[in-house]
file input-v3.txt (compact mmCIF, C-alpha atoms)
# COMPACT_ATOMS: atom_id res chain seq x y z
CA MET A 1 -8.94 -3.28 -4.63
CA ALA A 2 -12.14 -5.21 -3.87
CA TRP A 3 -10.56 -8.51 -4.93
CA LEU A 4 -7.62 -7.81 -2.61
CA LEU A 5 -9.99 -7.06 0.26
CA ALA A 6 -11.92 -10.26 -0.44
CA ARG A 7 -8.70 -12.30 -0.51
CA THR A 8 -7.63 -10.71 2.77
CA CYS A 9 -10.93 -11.35 4.50
CA PHE A 10 -11.50 -14.81 3.02
CA PRO A 11 -8.01 -16.25 2.45
CA LYS A 12 -9.20 -19.86 2.07
CA ILE A 13 -11.67 -19.14 -0.74
CA ALA A 14 -10.46 -20.05 -4.21
CA PHE A 15 -11.00 -17.18 -6.59
CA GLY A 16 -11.21 -17.34 -10.37
CA LYS A 17 -8.25 -17.29 -12.69
CA LYS A 18 -5.13 -15.77 -11.27
CA PHE A 19 -4.05 -12.38 -12.48
CA SER A 20 -1.47 -12.88 -15.17
CA TYR A 21 0.64 -10.51 -17.14
CA GLN A 22 3.81 -10.50 -19.15
CA SER A 23 6.62 -9.04 -17.12
CA ARG A 24 10.12 -8.00 -17.95
CA ALA A 25 12.96 -9.32 -15.87
CA TRP A 26 13.46 -6.99 -12.92
CA SER A 27 16.65 -6.67 -10.98
CA ARG A 28 16.56 -5.89 -7.26
CA GLY A 29 17.81 -2.37 -8.09
CA LEU A 30 14.96 -1.76 -10.50
CA LEU A 31 12.45 -3.13 -8.00
CA THR A 32 13.55 -0.72 -5.28
CA ALA A 33 13.75 2.15 -7.79
CA TYR A 34 10.15 1.37 -8.80
CA MET A 35 9.05 1.06 -5.18
CA PRO A 36 11.58 2.07 -2.50
CA GLU A 37 9.46 0.34 0.16
CA ALA A 38 10.49 -3.00 -1.35
CA THR A 39 13.63 -2.74 0.80
CA ALA A 40 11.34 -3.73 3.70
CA PHE A 41 11.02 -7.16 2.03
CA PRO A 42 14.64 -8.29 1.52
CA GLY A 43 13.81 -11.70 0.00
CA LEU A 44 12.00 -10.26 -3.03
CA ARG A 45 13.81 -10.48 -6.35
CA ASN A 46 11.28 -9.24 -8.90
CA HIS A 47 7.90 -7.65 -9.54
CA GLN A 48 6.06 -10.99 -9.58
CA GLU A 49 7.31 -11.80 -6.07
CA LEU A 50 6.25 -8.33 -4.90
CA TYR A 51 2.80 -8.95 -6.37
CA GLN A 52 2.58 -12.38 -4.67
CA LEU A 53 3.48 -10.80 -1.33
CA SER A 54 0.78 -8.14 -1.79
CA VAL A 55 -1.83 -10.86 -2.35
CA GLU A 56 -0.70 -13.48 0.16
CA GLN A 57 0.37 -11.16 2.99
CA ALA A 58 -1.77 -8.11 2.34
CA ASP A 59 -1.49 -6.72 5.88
CA VAL A 60 2.31 -6.88 5.78
CA PHE A 61 2.43 -5.27 2.33
CA TRP A 62 -0.10 -2.48 2.91
CA GLY A 63 1.22 -1.82 6.42
CA ALA A 64 4.73 -1.22 5.07
CA LEU A 65 3.43 1.09 2.34
CA ALA A 66 1.19 3.05 4.71
CA ARG A 67 4.03 3.54 7.22
CA SER A 68 6.51 4.69 4.61
CA ARG A 69 4.34 6.76 2.27
CA LEU A 70 2.03 8.54 4.70
CA MET A 71 2.66 10.85 7.64
CA TRP A 72 0.52 9.65 10.55
CA SER A 73 -0.64 11.94 13.39
CA ASN A 74 -1.29 8.75 15.37
CA PRO A 75 0.16 5.49 14.02
CA PHE A 76 -2.20 2.59 13.35
CA HIS A 77 -1.99 -0.57 15.46
CA SER A 78 -3.63 -2.96 12.96
CA VAL A 79 -3.71 -2.84 9.17
CA SER A 80 -7.15 -4.37 8.67
CA ASP A 81 -10.09 -5.96 10.44
CA CYS A 82 -12.58 -7.57 8.08
CA ASN A 83 -15.76 -9.51 8.75
CA PHE A 84 -18.25 -9.41 5.89
CA GLN A 85 -20.86 -11.40 7.84
CA GLN A 86 -20.98 -8.61 10.40
CA GLY A 87 -20.62 -5.95 7.71
CA LYS A 88 -17.37 -4.74 9.24
CA VAL A 89 -14.46 -3.62 7.09
CA SER A 90 -11.83 -1.42 8.70
CA TRP A 91 -8.41 -0.31 7.54
CA PHE A 92 -5.50 1.13 9.57
CA LEU A 93 -7.19 0.84 12.96
CA GLY A 94 -6.19 3.42 15.53
CA GLY A 95 -4.43 5.49 12.89
CA GLN A 96 -5.12 9.13 12.24
CA LEU A 97 -3.77 11.27 9.44
CA ASN A 98 -4.35 14.66 7.91
CA VAL A 99 -5.07 14.67 4.18
CA ALA A 100 -3.74 18.21 3.69
CA VAL A 101 -0.44 17.30 5.35
CA ASN A 102 -0.04 14.20 3.17
CA CYS A 103 -1.17 15.78 -0.09
CA LEU A 104 0.40 19.23 0.21
CA ASP A 105 2.48 20.10 3.25
CA ARG A 106 5.10 17.37 3.01
CA HIS A 107 5.75 18.24 -0.64
CA VAL A 108 6.03 21.95 0.14
CA HIS A 109 8.84 21.20 2.59
CA LYS A 110 10.74 19.16 -0.01
CA ASN A 111 10.23 21.59 -2.91
CA PRO A 112 9.32 25.04 -1.54
CA ASN A 113 9.71 26.75 -4.93
CA LYS A 114 7.32 24.47 -6.84
CA VAL A 115 3.61 25.11 -7.22
CA ALA A 116 1.73 22.69 -4.96
CA LEU A 117 -1.86 23.57 -5.76
CA ILE A 118 -3.55 25.71 -8.37
CA TRP A 119 -7.02 26.88 -7.42
CA GLU A 120 -9.45 28.22 -10.00
CA LYS A 121 -12.88 29.51 -9.23
call {"tool": "encode", "arguments": {"input": "input-v3.txt", "output": "C-alpha cells"}}
result
Amino acid sequence: MAWLLARTCFPKIAFGKKFSYQSRAWSRGLLTAYMPEATAFPGLRNHQELYQLSVEQADVFWGALARSRLMWSNPFHSVSDCNFQQGKVSWFLGGQLNVAVNCLDRHVHKNPNKVALIWEK
C-alpha cells in the first residue's frame, strides 16, 4: 500500500522495477466476477488493465471501491490529499463510516441465520 500511496503523491517520480506477474487470460465476465466494481470501468478487458488503472488513477480506482464496498454515514468528497513535505496524508476526506456497520450489521441483514461474530473470553 505504501508504494501505491507514494505513486499517488509523487506521480512523476520513476520507481524501481515494475510489478510483474504471470497472469491467465481473463474475460470481462471473469473480471467482474472477481471484482464486481470493475463494471464502473467499462473499458477494462483484463486483470492487467485493472491493475494499471489502480496504479495510474488511484483516486478513481479507490474511490469506486470505497463507494461500492463500504456503507458511508457521510460520503467523502475527495479520495486522497497527500503532501509528504508537510507530513499530510489523508484518505476519504469528509467521509464518515461506522466500522461495526461495515463489518457486522450489513452482513446480518443479508444472512440473518449465519453466525456473524463469535466472542470468547
call {"tool": "closest_residue", "arguments": {"input": "input-v3.txt", "among": "A:Pro112, A:Pro42, A:Gly87, A:Gly95", "to": "Leu70 of chain A", "atoms": "only C-alpha atoms"}}
result
A:Gly95
call {"tool": "atom_distance", "arguments": {"input": "input-v3.txt", "atom1": "atom CA of Trp119 of chain A", "atom2": "atom CA of Asp105 of chain A"}}
result
15.8 Å
call {"tool": "residues_near_point", "arguments": {"input": "input-v3.txt", "point": "(-5.6, 1.1, 14.5)", "cutoff": "12 Å", "atoms": "only C-alpha atoms", "output": "ChimeraX atom specification"}}
result
/A:63,72-81,90-97
call {"tool": "residues_around", "arguments": {"input": "input-v3.txt", "residues": "Ser68 of chain A", "least_positions_apart": "3", "cutoff": "12 Å", "atoms": "all atoms listed in the file", "output": "PyMOL selection string"}}
result
chain A and resi 35-40+61-65+71-72+75+102
call {"tool": "atom_distance", "arguments": {"input": "input-v3.txt", "atom1": "atom CA of Glu56 of chain A", "atom2": "atom CA of Cys82 of chain A"}}
result
15.5 Å
call {"tool": "atom_distance", "arguments": {"input": "input-v3.txt", "atom1": "atom CA of Ala58 of chain A", "atom2": "atom CA of Phe41 of chain A"}}
result
12.8 Å
call {"tool": "closest_residue", "arguments": {"input": "input-v3.txt", "among": "A:Leu104, A:Val99, A:Ala66, A:Val55", "to": "Leu117 of chain A", "atoms": "all atoms listed in the file"}}
result
A:Leu104
